[in-house]
Each structure stands twice: as structure tokens, then as C-alpha cells.
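K.L.:
File name structure_11.txt; file contents compact mmCIF, C-alpha atoms (C1' of nucleotides); full text below.
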# COMPACT_ATOMS: atom_id res chain seq x y z
CA MET A 920 24.57 11.73 -7.67
CA ASP A 921 23.11 9.15 -10.06
CA LYS A 922 20.19 6.86 -9.31
CA LYS A 923 22.25 3.68 -9.09
CA THR A 924 24.49 5.14 -6.43
CA LYS A 925 21.46 6.33 -4.49
CA VAL A 926 19.79 2.93 -4.68
CA LEU A 927 22.99 1.22 -3.56
CA ARG A 928 23.29 3.42 -0.49
CA LEU A 929 19.58 3.19 0.24
CA MET A 930 19.68 -0.61 0.14
CA GLU A 931 22.73 -0.68 2.37
CA PHE A 932 20.83 1.33 4.96
CA LEU A 933 17.59 -0.63 4.56
CA ASP A 934 19.42 -3.93 5.05
CA SER A 935 21.13 -2.70 8.18
CA ARG A 936 17.98 -1.28 9.72
CA TYR A 937 15.28 -3.61 8.41
CA ALA A 938 16.95 -6.99 8.03
CA ASN A 939 14.58 -9.76 6.96
CA ALA A 940 11.63 -7.44 6.47
CA GLU A 941 8.41 -9.37 6.06
CA CYS A 942 4.86 -8.70 5.04
CA SER A 943 3.07 -6.89 7.83
CA LEU A 944 -0.36 -8.07 6.74
CA ARG A 945 -1.19 -11.11 8.84
CA HIS A 946 -2.01 -14.14 6.66
CA GLU A 947 -1.56 -17.90 6.38
CA ASN A 948 -2.18 -18.48 2.67
CA PRO A 949 -2.47 -16.61 -0.67
CA PHE A 950 -6.24 -16.24 -0.37
CA GLN A 951 -5.89 -14.56 3.02
CA LEU A 952 -3.14 -12.26 1.77
CA LEU A 953 -5.24 -11.28 -1.25
CA THR A 954 -8.17 -10.51 1.05
CA ALA A 955 -6.03 -8.48 3.43
CA THR A 956 -4.36 -6.54 0.62
CA ILE A 957 -7.69 -5.56 -0.92
CA LEU A 958 -8.73 -4.28 2.51
CA SER A 959 -5.46 -2.37 2.97
CA ALA A 960 -6.30 0.43 0.52
CA GLN A 961 -6.07 3.77 2.35
CA CYS A 962 -5.97 2.00 5.70
CA THR A 963 -3.16 1.03 8.07
CA ASP A 964 -1.99 -2.59 8.13
CA ALA A 965 -2.55 -2.67 11.88
CA ARG A 966 -6.26 -2.00 11.42
CA VAL A 967 -6.55 -4.55 8.62
CA ASN A 968 -4.99 -7.14 10.93
CA ILE A 969 -7.56 -6.42 13.63
CA VAL A 970 -10.42 -6.94 11.17
CA THR A 971 -9.01 -10.03 9.45
CA GLU A 972 -8.57 -11.93 12.68
CA GLU A 973 -12.32 -12.53 12.82
CA LEU A 974 -12.88 -12.25 9.06
CA PHE A 975 -10.67 -15.23 8.22
CA ARG A 976 -12.60 -17.41 10.67
CA LYS A 977 -15.93 -16.33 9.22
CA TYR A 978 -14.88 -16.60 5.56
CA PRO A 979 -12.16 -19.28 5.37
CA THR A 980 -12.42 -19.93 1.60
CA PRO A 981 -13.11 -18.01 -1.63
CA LYS A 982 -16.49 -19.74 -1.79
CA ASP A 983 -17.41 -18.28 1.59
CA LEU A 984 -16.72 -14.77 0.28
CA ALA A 985 -18.55 -15.52 -2.97
CA ASP A 986 -21.64 -16.45 -0.98
CA ALA A 987 -21.33 -13.66 1.58
CA ASP A 988 -24.19 -11.31 2.35
CA MET A 989 -23.31 -7.79 1.18
CA GLU A 990 -24.73 -5.95 4.19
CA GLU A 991 -23.20 -8.35 6.66
CA LEU A 992 -19.78 -8.25 4.99
CA CYS A 993 -19.90 -4.44 5.05
CA GLY A 994 -20.31 -4.61 8.81
CA ASP A 995 -17.45 -7.10 9.11
CA ILE A 996 -14.94 -4.83 7.37
CA LYS A 997 -16.30 -1.38 8.23
CA PRO A 998 -13.30 -0.19 10.30
CA THR A 999 -11.03 -0.44 7.22
CA GLY A 1000 -12.96 2.30 5.37
CA PHE A 1001 -14.31 2.26 1.79
CA PHE A 1002 -16.30 -0.69 3.08
CA ARG A 1003 -18.97 -0.79 0.37
CA ASN A 1004 -16.37 -0.83 -2.43
CA LYS A 1005 -14.24 -3.34 -0.60
CA ALA A 1006 -17.14 -5.65 0.24
CA LYS A 1007 -18.19 -5.66 -3.40
CA SER A 1008 -14.59 -6.37 -4.41
CA LEU A 1009 -14.23 -9.24 -1.93
CA ILE A 1010 -17.44 -10.92 -3.09
CA GLY A 1011 -16.39 -10.46 -6.73
CA MET A 1012 -12.94 -11.77 -5.92
CA GLY A 1013 -14.39 -14.89 -4.27
CA LYS A 1014 -16.64 -15.54 -7.24
CA LYS A 1015 -13.79 -15.04 -9.69
CA LEU A 1016 -11.49 -17.46 -7.87
CA VAL A 1017 -14.23 -20.09 -7.73
CA SER A 1018 -15.41 -19.72 -11.32
CA ASN A 1019 -12.13 -19.09 -13.15
CA HIS A 1020 -9.29 -20.42 -10.99
CA GLY A 1021 -10.55 -23.51 -9.18
CA GLY A 1022 -10.73 -21.66 -5.87
CA GLU A 1023 -7.02 -20.79 -5.96
CA VAL A 1024 -5.20 -17.45 -6.27
CA PRO A 1025 -3.66 -17.16 -9.77
CA GLY A 1026 0.07 -16.43 -10.12
CA THR A 1027 0.30 -14.06 -13.07
CA MET A 1028 -0.12 -10.30 -13.34
CA GLU A 1029 -2.50 -10.72 -16.26
CA GLU A 1030 -4.91 -12.91 -14.30
CA LEU A 1031 -4.58 -11.06 -11.02
CA ILE A 1032 -5.54 -7.63 -12.31
CA LYS A 1033 -8.75 -9.04 -13.78
CA ILE A 1034 -9.92 -9.81 -10.25
CA PRO A 1035 -12.31 -7.18 -8.80
CA GLY A 1036 -10.48 -4.82 -6.43
CA VAL A 1037 -7.06 -5.92 -7.64
CA GLY A 1038 -4.74 -3.47 -9.43
CA ARG A 1039 -1.00 -3.62 -10.06
CA LYS A 1040 -0.10 -2.80 -6.48
CA THR A 1041 -2.16 -5.62 -4.99
CA ALA A 1042 -1.09 -8.00 -7.77
CA ASN A 1043 2.57 -7.29 -7.05
CA VAL A 1044 2.05 -7.99 -3.35
CA ILE A 1045 0.74 -11.45 -4.26
CA LEU A 1046 3.38 -12.15 -6.91
CA GLY A 1047 6.21 -11.15 -4.60
CA ASN A 1048 5.00 -12.78 -1.40
CA CYS A 1049 3.25 -15.92 -2.65
CA PHE A 1050 5.01 -16.76 -5.89
CA GLY A 1051 8.55 -15.51 -5.36
CA ARG A 1052 8.33 -13.36 -8.45
CA PRO A 1053 10.13 -10.03 -8.91
CA ALA A 1054 7.65 -7.38 -7.77
CA VAL A 1055 8.09 -3.73 -6.96
CA VAL A 1056 5.06 -2.73 -4.89
CA VAL A 1057 4.32 0.92 -5.58
CA ASP A 1058 2.08 1.92 -2.71
CA THR A 1059 1.77 5.37 -1.15
CA HIS A 1060 5.07 4.98 0.77
CA VAL A 1061 7.17 3.69 -2.13
CA LYS A 1062 5.71 6.36 -4.37
CA ARG A 1063 6.48 9.16 -1.91
CA ILE A 1064 9.99 7.99 -1.04
CA ALA A 1065 11.09 7.19 -4.59
CA PHE A 1066 10.00 10.66 -5.59
CA ARG A 1067 11.60 12.43 -2.62
CA ILE A 1068 14.96 10.77 -2.98
CA GLY A 1069 14.92 11.31 -6.72
CA LEU A 1070 14.74 7.71 -7.96
CA THR A 1071 11.92 8.76 -10.28
CA GLY A 1072 10.52 11.96 -11.72
CA ASN A 1073 7.14 10.37 -12.34
CA THR A 1074 4.03 10.48 -10.18
CA ASP A 1075 2.12 7.77 -12.04
CA PRO A 1076 2.50 4.48 -10.07
CA GLU A 1077 3.00 2.31 -13.14
CA LYS A 1078 5.73 4.58 -14.48
CA ILE A 1079 7.38 4.62 -11.07
CA GLU A 1080 7.26 0.83 -11.07
CA GLN A 1081 9.02 0.80 -14.45
CA ASP A 1082 11.66 3.25 -13.22
CA LEU A 1083 12.34 1.18 -10.10
CA ILE A 1084 12.47 -2.16 -11.90
CA LYS A 1085 15.45 -0.83 -13.85
CA ILE A 1086 17.48 -0.09 -10.73
CA ILE A 1087 16.36 -2.58 -8.06
CA PRO A 1088 17.81 -6.11 -8.20
CA PRO A 1089 14.82 -8.31 -9.26
CA GLU A 1090 15.46 -11.02 -6.68
CA ARG A 1091 15.32 -8.41 -3.92
CA SER A 1092 12.47 -6.23 -5.16
CA ALA A 1093 9.77 -7.75 -2.96
CA GLU A 1094 11.79 -7.42 0.23
CA TRP A 1095 12.93 -3.95 -0.85
CA SER A 1096 9.30 -2.89 -1.04
CA HIS A 1097 8.67 -4.06 2.53
CA GLN A 1098 11.75 -2.28 3.77
CA VAL A 1099 10.80 1.00 2.12
CA ILE A 1100 7.34 0.81 3.64
CA LEU A 1101 8.82 0.36 7.12
CA PHE A 1102 11.17 3.27 6.43
CA GLY A 1103 8.16 5.33 5.34
CA ARG A 1104 6.23 4.61 8.51
CA GLU A 1105 9.15 5.27 10.80
CA ILE A 1106 11.29 8.04 9.32
CA CYS A 1107 10.29 9.26 5.86
CA THR A 1108 6.69 9.92 6.90
CA ALA A 1109 4.24 11.75 4.68
CA ARG A 1110 3.34 14.62 7.03
CA ALA A 1111 6.45 15.53 8.98
CA PRO A 1112 9.44 13.49 7.75
CA LYS A 1113 12.24 13.12 10.31
CA CYS A 1114 14.94 14.35 7.95
CA GLY A 1115 17.20 15.46 10.78
CA GLU A 1116 17.62 11.92 12.08
CA CYS A 1117 17.43 10.24 8.67
CA PRO A 1118 20.56 8.16 7.95
CA VAL A 1119 20.10 8.58 4.19
CA ASN A 1120 19.34 12.28 4.00
CA GLY A 1121 22.62 12.56 2.08
CA ILE A 1122 21.13 10.88 -0.97
CA CYS A 1123 17.78 12.70 -0.81
CA ALA A 1124 16.90 15.30 -3.44
CA ASP A 1125 14.02 16.60 -1.36
CA TYR A 1126 16.20 17.05 1.72
CA ALA A 1127 18.79 18.91 -0.32
CA ALA A 1128 16.05 21.22 -1.58
CA ARG A 1129 14.80 21.85 1.97
CA ILE A 1130 18.26 22.72 3.21
CA LYS A 1131 18.84 25.07 0.32
CA LYS A 1132 15.51 26.75 0.93
CA HIS A 1133 16.23 27.33 4.63
CA PHE A 1134 19.74 28.54 4.02
CA LYS A 1135 19.30 32.14 2.88
CA PRO A 1136 22.56 34.12 2.80
C1' DC B 1035 -10.43 13.32 -12.74
C1' DT B 1036 -13.74 12.01 -8.77
C1' DC B 1037 -15.55 8.99 -5.55
C1' DC B 1038 -15.27 5.77 -1.94
C1' DC B 1039 -14.74 6.21 4.07
C1' DG B 1040 -13.35 4.91 9.14
C1' DA B 1041 -9.61 5.64 12.48
C1' DT B 1042 -5.54 7.89 13.97
C1' DA B 1043 -1.72 11.36 14.23
C1' DT B 1044 -0.56 16.07 13.94
C1' DA C 395 -9.74 20.83 11.80
C1' DT C 396 -7.08 18.33 8.59
C1' DA C 397 -3.86 15.08 6.48
C1' DT C 398 -3.00 10.40 5.94
C1' DC C 399 -3.25 5.34 5.85
C1' DA C 400 0.39 -1.28 1.85
C1' DG C 401 -5.66 1.82 -3.98
C1' DG C 402 -9.00 0.74 -7.39
C1' DA C 403 -13.09 1.59 -10.30
C1' DG C 404 -15.97 4.44 -13.20
Show me this structure written as C-alpha cells.

P.N.:
Amino acid sequence: MDKKTKVLRLMEFLDSRYANAECSLRHENPFQLLTATILSAQCTDARVNIVTEELFRKYPTPKDLADADMEELCGDIKPTGFFRNKAKSLIGMGKKLVSNHGGEVPGTMEELIKIPGVGRKTANVILGNCFGRPAVVVDTHVKRIAFRIGLTGNTDPEKIEQDLIKIIPPERSAEWSHQVILFGREICTARAPKCGECPVNGICADYAARIKKHFKP
DNA sequence: CTCCCGATAT
DNA sequence: ATATCAGGAG
């Protein structure tokens, strides 16, 4: 089965199961989403949302983050893990927005990835959710699922992004990313994927390999 | 490539 | 006990 057929069937399933999928990081503006996304590295969205509830009250603007005390900010975000790296990133991000972008979140990939703590994944979250731009978000779930199904043979996130851009309709790429992430949390999990109850196991290269391995004549 | 790191599920 | 969670920097 070719990739385009797989993507078509996958999207059909995703639309039926996860209609109107939205960003699961709680936010009210681009600055808040950027903050939450930086915190979301190797951490569940649910935990980020717990932390940001208070964080957004304490640091409502980029300037507030720019002026934040390092030790205090570490304490504020500690439950999300990697807190020293993330605190440094958030302060650097605040300073960058104030000094280079008039306190606003920029809307291009080129500018976004120059911000401390922001790589292509985080940049695509912002472009897709705040600017309505085509954006395939290659996070741990998208990476795992694209590889399992056989939509890519690459393991490098940027190459996976390039592979997916060719086969996902641009106007739907942002929502597609959300849907795949929900699918990854619920069914196609990293540790023990629920292949038996997976509605799209028929298009999955990894599932086919598992079946073949278990079936020994 | 390694390091960063707390919380949760398995 | 260990793998994993909306990764990025050096």
C-alpha cells in the first residue's frame, strides 16, 4: 500500500474519532502558547497546564519573563522537568520578544527558531495555531506514528517533517498534528500500543510486522 | 552524540 | 525499576 492511500485512510479515521481537535495546551494568546510549548518538552500537556495556570498570572507579558529571577522561575516551573534549561529559555525568550519583536510573538519560522528554547517543533506549533500557516508538528507522537505506519523511513524530525508535508494537505496539517497526538496518547502509545483495538491497524507497517513475527507456521 | 529532569504509567 | 512525556542546546 502506498503512502497516499495510507494517509487518506488515516485522515478518514482521525476525522471520525477526533473531530475538531484543538491544542491541548491551555492558552489565551500567542505569548502564552509559546511559553507553554517551551515548557512541554518531555512533559505531559496536563502537567504543563497545571503549572501555567499560576505562571500566566505571575508573568503576564514577555517583559515579566525577561525580568524574572532565575531561581524563582525555576521553582515556578519545576514540575515540568528540565527546569533550569527551560527557565533560561523563558527568560531569553522574553528578552528576545522585547528587544527584537516589540513584545510580540513573530510569525515566521526564521524568526521563531532564533528564540531561545524554540526549535522547529515549537515554531510549527505557533505557526499553525496562531498564524494559520501550514505546519506539521513533529513531536514524539507524530514521529513514532509516522514511522510505525510507514509514512516515513526517516528518524530525523526535520526529514520526517519534509516527508509529511508532501502527503498531508497543507490547510489541514496543523489539525492533523493535533489529531495524531491524541491518537498517540490513546491508542498508538509508545510503550504498549493497543494494536488489537486500533481501527487503522490495516494500514500499519509495524502491525503487519508484529503479526508476521507472531505467526510461525 | 550527551545532557537536561520531575511525575506518571507499566 | 524503568520507560516515557507536544524537545532543544552545546

K.L.:
Do you have the CA of Ala985 in chain A-CA of Glu973 in chain A distance handy?

P.N.:
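One can read the CA of Ala985 in chain A to CA of Glu973 in chain A distance as 17.2 Å.
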
K.L.:
Give the residues of chain C that lie within 10 Å of chain A; count all atoms listed in the file, and format the answer as JSON, numbers by chain.

P.N.:
{"C": [397, 398, 399, 400, 401, 402, 403]}

K.L.:
Residues of chain B that have any atom at most 9 Å from an atom of chain A: could you tabulate them with the shortest-distance atom pair and the distance in Å to one decimal, using all atoms listed in the file, ordered by chain and increasing number, as CSV?

P.N.:
residue,atom,partner,partner_atom,distance
B:DC1038,C1',A:Phe1001,CA,5.2
B:DC1039,C1',A:Gly1000,CA,4.5
B:DG1040,C1',A:Gly1000,CA,4.6
B:DA1041,C1',A:Pro998,CA,7.2
B:DT1044,C1',A:Arg1110,CA,8.1

K.L.:
Can you work out the spacing between CA of Glu1023 in chain A and CA of Asp988 in chain A in Å, to one decimal?

P.N.:
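Interatomic distance, CA of Glu1023 in chain A to CA of Asp988 in chain A: 21.3 Å.
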
K.L.:
Any idea what the distance is between CA of His946 in chain A and CA of Glu1094 in chain A?

P.N.:
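Going from CA of His946 in chain A over to CA of Glu1094 in chain A, I get 16.6 Å.
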
K.L.:
What lies within 12 Å of Tyr978 in chain A using all atoms listed in the file, ignoring chain neighbours under 6 positions off, as a PyMOL selection string?

P.N.:
chain A and resi 950-951+954+971-972+984-988+991-992+995-996+1009-1010+1013

K.L.:
Need to verify the contact set: Ile1106 in chain A, 12 Å, all atoms listed in the file, exclusion of same-chain residues closer than 2 positions in sequence. Can you return it as a short mmCIF file (atom, residue, chain, number, x, y, z; two decimals) with C-alpha atoms, in the coordinates of the input?

P.N.:
data_model
loop_
_atom_site.label_atom_id
_atom_site.label_comp_id
_atom_site.auth_asym_id
_atom_site.auth_seq_id
_atom_site.Cartn_x
_atom_site.Cartn_y
_atom_site.Cartn_z
CA LEU A 933 17.59 -0.63 4.56
CA ARG A 936 17.98 -1.28 9.72
CA HIS A 1060 5.07 4.98 0.77
CA ILE A 1064 9.99 7.99 -1.04
CA GLN A 1098 11.75 -2.28 3.77
CA VAL A 1099 10.80 1.00 2.12
CA ILE A 1100 7.34 0.81 3.64
CA LEU A 1101 8.82 0.36 7.12
CA PHE A 1102 11.17 3.27 6.43
CA GLY A 1103 8.16 5.33 5.34
CA ARG A 1104 6.23 4.61 8.51
CA THR A 1108 6.69 9.92 6.90
CA ALA A 1109 4.24 11.75 4.68
CA ARG A 1110 3.34 14.62 7.03
CA ALA A 1111 6.45 15.53 8.98
CA PRO A 1112 9.44 13.49 7.75
CA LYS A 1113 12.24 13.12 10.31
CA CYS A 1114 14.94 14.35 7.95
CA GLY A 1115 17.20 15.46 10.78
CA GLU A 1116 17.62 11.92 12.08
CA CYS A 1117 17.43 10.24 8.67
CA PRO A 1118 20.56 8.16 7.95
CA VAL A 1119 20.10 8.58 4.19
CA ASN A 1120 19.34 12.28 4.00
#
